Amino acid sequence: MPQDILFISDLHLALDKPEITRRFVDFLQHRAPQASALYILGDLFDAWLGDDDYTPPNRSLRRHLKHLTDSGTKVYLQVGNRDFLLGQRFCQETGITLLGDYAVIDLFGTPTLLTHGDLLCTDDLPYQTFRAKARTPQWQQNVLSKPLLVRLLAARWFRLRSFFHKRQKSQAIMDVNADTVVNTLREYACLRLIHGHTHRPAVHDLSVDGQAAQRFVLAAWHKQAGEALSWNGGAYRREII
């Protein structure tokens with residue numbers, strides 16, 4: 001039986017990123033079936049406009065994910081800041097299990113906290129304000145009630161707006177806040193954290209109340225390569241996809 005547990009995030013799949021889509025499909029067909037579980041920690045899609053969106057490449061990706069879950073690999077998903085409108089309909093069609101913003105798993109005997117990572121970037125106050133509003137049922141219902149074409153056009157505008165806003169922010173503001181990381185680990189009684197979002201893959205050693213802890217940051221996927229964090233027993237490795 002396969003024992004590997006895989007973690008990925010920040011693929012930002014979209015019609016205009018065919019290289020990443022092909023790499024992900026190949027990953028689903030060949031690498032992921034060798035694992036017992038796959039955790040996708042947010043921003044699988046560059047923009048998710050509702051579970052009624054079957055525009056390319058969404059339909060084929062649903063099919064490949066369903067084939068993977070039917071084969072026996074368990075797939076868990078946390079939404080990110082780009083695909084937070086993803087819902088239960090998508091999960092039912094793919095066999096994926098949707099997780100909350102924070103999830104604690106037993107990773108080979110060690111309680112491990114999983115999150116996308118945007119909640120840890122507490123220095124970015126404008127984003128946190130928007131995030132709080134965009135997670136309310138009223139806001140989401142208002143967006144999802146619009147025709148799909150309107151949502152598609154709005155998403156293009158928001159991506160452009162986001163690009164220019166990021167250029168005006170310092171790198172420090174868009175990274176995690178160290179105190180928030182420690183407080184969050186303390187709140188969930190964990191000494192290991194895995195997240196994405198910042199696109200700064202690394203392993204950080206830190207201390208929580210005098211105890212050694214680690215923070216694993218997942219890599220974003222791009223045209224040239226993707227990356228997965230693979231865990232088996234007490235050992236981990238970064239795999240280039």
# chains A, B, ... in the order shown; residues from 1 in each chain; ligands from 1
>>> closest_atom_pairs(of="range 49-90 of chain A", to="range 7-20 of chain A", cutoff="8 Å", atoms="only C-alpha atoms", output="CSV")
residue,atom,partner,partner_atom,distance
A:Pro56,CA,A:Leu15,CA,6.0
A:Pro57,CA,A:Leu15,CA,5.9
A:Arg82,CA,A:His12,CA,7.9
>>> residues_around(residues="Phe84 in chain A", least_positions_apart="5", cutoff="10 Å", atoms="only C-alpha atoms", output="count of residues only")
13
>>> closest_residue(among="A:Leu65, A:Ile5, A:Leu153, A:Ile240", to="Gln224 in chain A", atoms="only C-alpha atoms")
A:Ile240
>>> residues_around(residues="Ile241 in chain A", least_positions_apart="3", cutoff="9 Å", atoms="only C-alpha atoms", output="PDB file with N, CA, C and O atoms, in the first residue's frame")
ATOM      1  N   ARG A  23       1.206  19.830 -16.621  1.00  0.00           N
ATOM      2  CA  ARG A  23       2.073  19.271 -15.585  1.00  0.00           C
ATOM      3  C   ARG A  23       1.231  18.700 -14.437  1.00  0.00           C
ATOM      4  O   ARG A  23       1.543  17.634 -13.883  1.00  0.00           O
ATOM      5  N   PHE A  24       0.167  19.393 -14.084  1.00  0.00           N
ATOM      6  CA  PHE A  24      -0.693  18.927 -13.008  1.00  0.00           C
ATOM      7  C   PHE A  24      -1.430  17.647 -13.405  1.00  0.00           C
ATOM      8  O   PHE A  24      -1.544  16.713 -12.596  1.00  0.00           O
ATOM      9  N   ASP A  26      -0.415  15.396 -15.515  1.00  0.00           N
ATOM     10  CA  ASP A  26       0.579  14.335 -15.481  1.00  0.00           C
ATOM     11  C   ASP A  26       0.853  13.901 -14.035  1.00  0.00           C
ATOM     12  O   ASP A  26       1.003  12.703 -13.743  1.00  0.00           O
ATOM     13  N   PHE A  27       0.902  14.864 -13.138  1.00  0.00           N
ATOM     14  CA  PHE A  27       1.086  14.581 -11.706  1.00  0.00           C
ATOM     15  C   PHE A  27      -0.068  13.739 -11.172  1.00  0.00           C
ATOM     16  O   PHE A  27       0.144  12.765 -10.427  1.00  0.00           O
ATOM     17  N   ARG A  31       2.159  10.478 -10.492  1.00  0.00           N
ATOM     18  CA  ARG A  31       2.770  10.567  -9.156  1.00  0.00           C
ATOM     19  C   ARG A  31       1.737  10.419  -8.042  1.00  0.00           C
ATOM     20  O   ARG A  31       1.942   9.642  -7.084  1.00  0.00           O
ATOM     21  N   TRP A 221       3.733  26.733  -8.344  1.00  0.00           N
ATOM     22  CA  TRP A 221       4.046  26.099  -9.627  1.00  0.00           C
ATOM     23  C   TRP A 221       4.166  27.163 -10.713  1.00  0.00           C
ATOM     24  O   TRP A 221       3.511  28.215 -10.648  1.00  0.00           O
ATOM     25  N   ALA A 225       8.425  24.330 -13.864  1.00  0.00           N
ATOM     26  CA  ALA A 225       8.397  23.218 -12.912  1.00  0.00           C
ATOM     27  C   ALA A 225       7.331  23.444 -11.853  1.00  0.00           C
ATOM     28  O   ALA A 225       6.894  24.570 -11.594  1.00  0.00           O
ATOM     29  N   GLY A 226       6.924  22.325 -11.244  1.00  0.00           N
ATOM     30  CA  GLY A 226       6.085  22.362 -10.064  1.00  0.00           C
ATOM     31  C   GLY A 226       6.846  21.700  -8.932  1.00  0.00           C
ATOM     32  O   GLY A 226       7.959  21.199  -9.117  1.00  0.00           O
ATOM     33  N   GLU A 227       6.264  21.716  -7.755  1.00  0.00           N
ATOM     34  CA  GLU A 227       6.941  21.094  -6.623  1.00  0.00           C
ATOM     35  C   GLU A 227       5.923  20.536  -5.642  1.00  0.00           C
ATOM     36  O   GLU A 227       4.851  21.122  -5.422  1.00  0.00           O
ATOM     37  N   ALA A 228       6.248  19.391  -5.070  1.00  0.00           N
ATOM     38  CA  ALA A 228       5.427  18.781  -4.030  1.00  0.00           C
ATOM     39  C   ALA A 228       6.308  18.481  -2.823  1.00  0.00           C
ATOM     40  O   ALA A 228       7.481  18.128  -2.975  1.00  0.00           O
TER      41      ALA A 228
END
>>> closest_residue(among="A:Ala155, A:Gly95, A:Cys190, A:Arg59", to="Ala212 in chain A", atoms="only C-alpha atoms")
A:Cys190
>>> closest_residue(among="A:Tyr76, A:Tyr54, A:Trp231, A:Tyr127", to="Phe108 in chain A", atoms="only C-alpha atoms")
A:Trp231
>>> select_by_dssp(residues="chain A", states="alpha helix (DSSP H)", output="PyMOL selection string")
chain A and resi 18-26+58-70+88-94+125-134+137-144+148-167+178-187
>>> residues_around(residues="Ser230 in chain A", least_positions_apart="2", cutoff="6 Å", atoms="only C-alpha atoms", output="list in words")
Ile5, Leu6, Tyr236 and Arg237 of chain A
>>> closest_residue(among="A:Asn81, A:Leu99, A:Val75, A:Arg186", to="Ala132 in chain A", atoms="only C-alpha atoms")
A:Asn81
>>> atom_distance(atom1="CA of Gln92 in chain A", atom2="CA of Thr73 in chain A")
15.3 Å
>>> residues_around(residues="range 115-121 of chain A", least_positions_apart="3", cutoff="8 Å", atoms="only C-alpha atoms", output="list in words")
Ser9, Leu41, Gly42, Gln78, Val79, Gly80, Asn81, Asp101, Tyr102, Ala103, Asp124, Gln128, Ile173, Met174, Asp175, Val176, Asn177, Thr180, Val181, Leu193, Ile194, His195, Gly196, His197 and Thr198 of chain A
>>> closest_residue(among="A:Pro201, A:Pro33, A:Gly100, A:Gly233", to="Arg215 in chain A", atoms="only C-alpha atoms")
A:Pro201
>>> atom_distance(atom1="CA of Leu218 in chain A", atom2="CA of Gln88 in chain A")
25.0 Å
>>> closest_residue(among="A:Ala154, A:Cys91, A:Ala213, A:Val25", to="Val182 in chain A", atoms="only C-alpha atoms")
A:Ala213
>>> select_by_dssp(residues="range 21-232 of chain A", states="strand (DSSP E or B)", output="MDAnalysis selection string")
chainID A and resid 35:41 45 74:78 97:98 102:107 110:115 192:195 202:208 211:217 227:232
>>> atom_distance(atom1="CA of Leu77 in chain A", atom2="CA of Ile40 in chain A")
4.8 Å
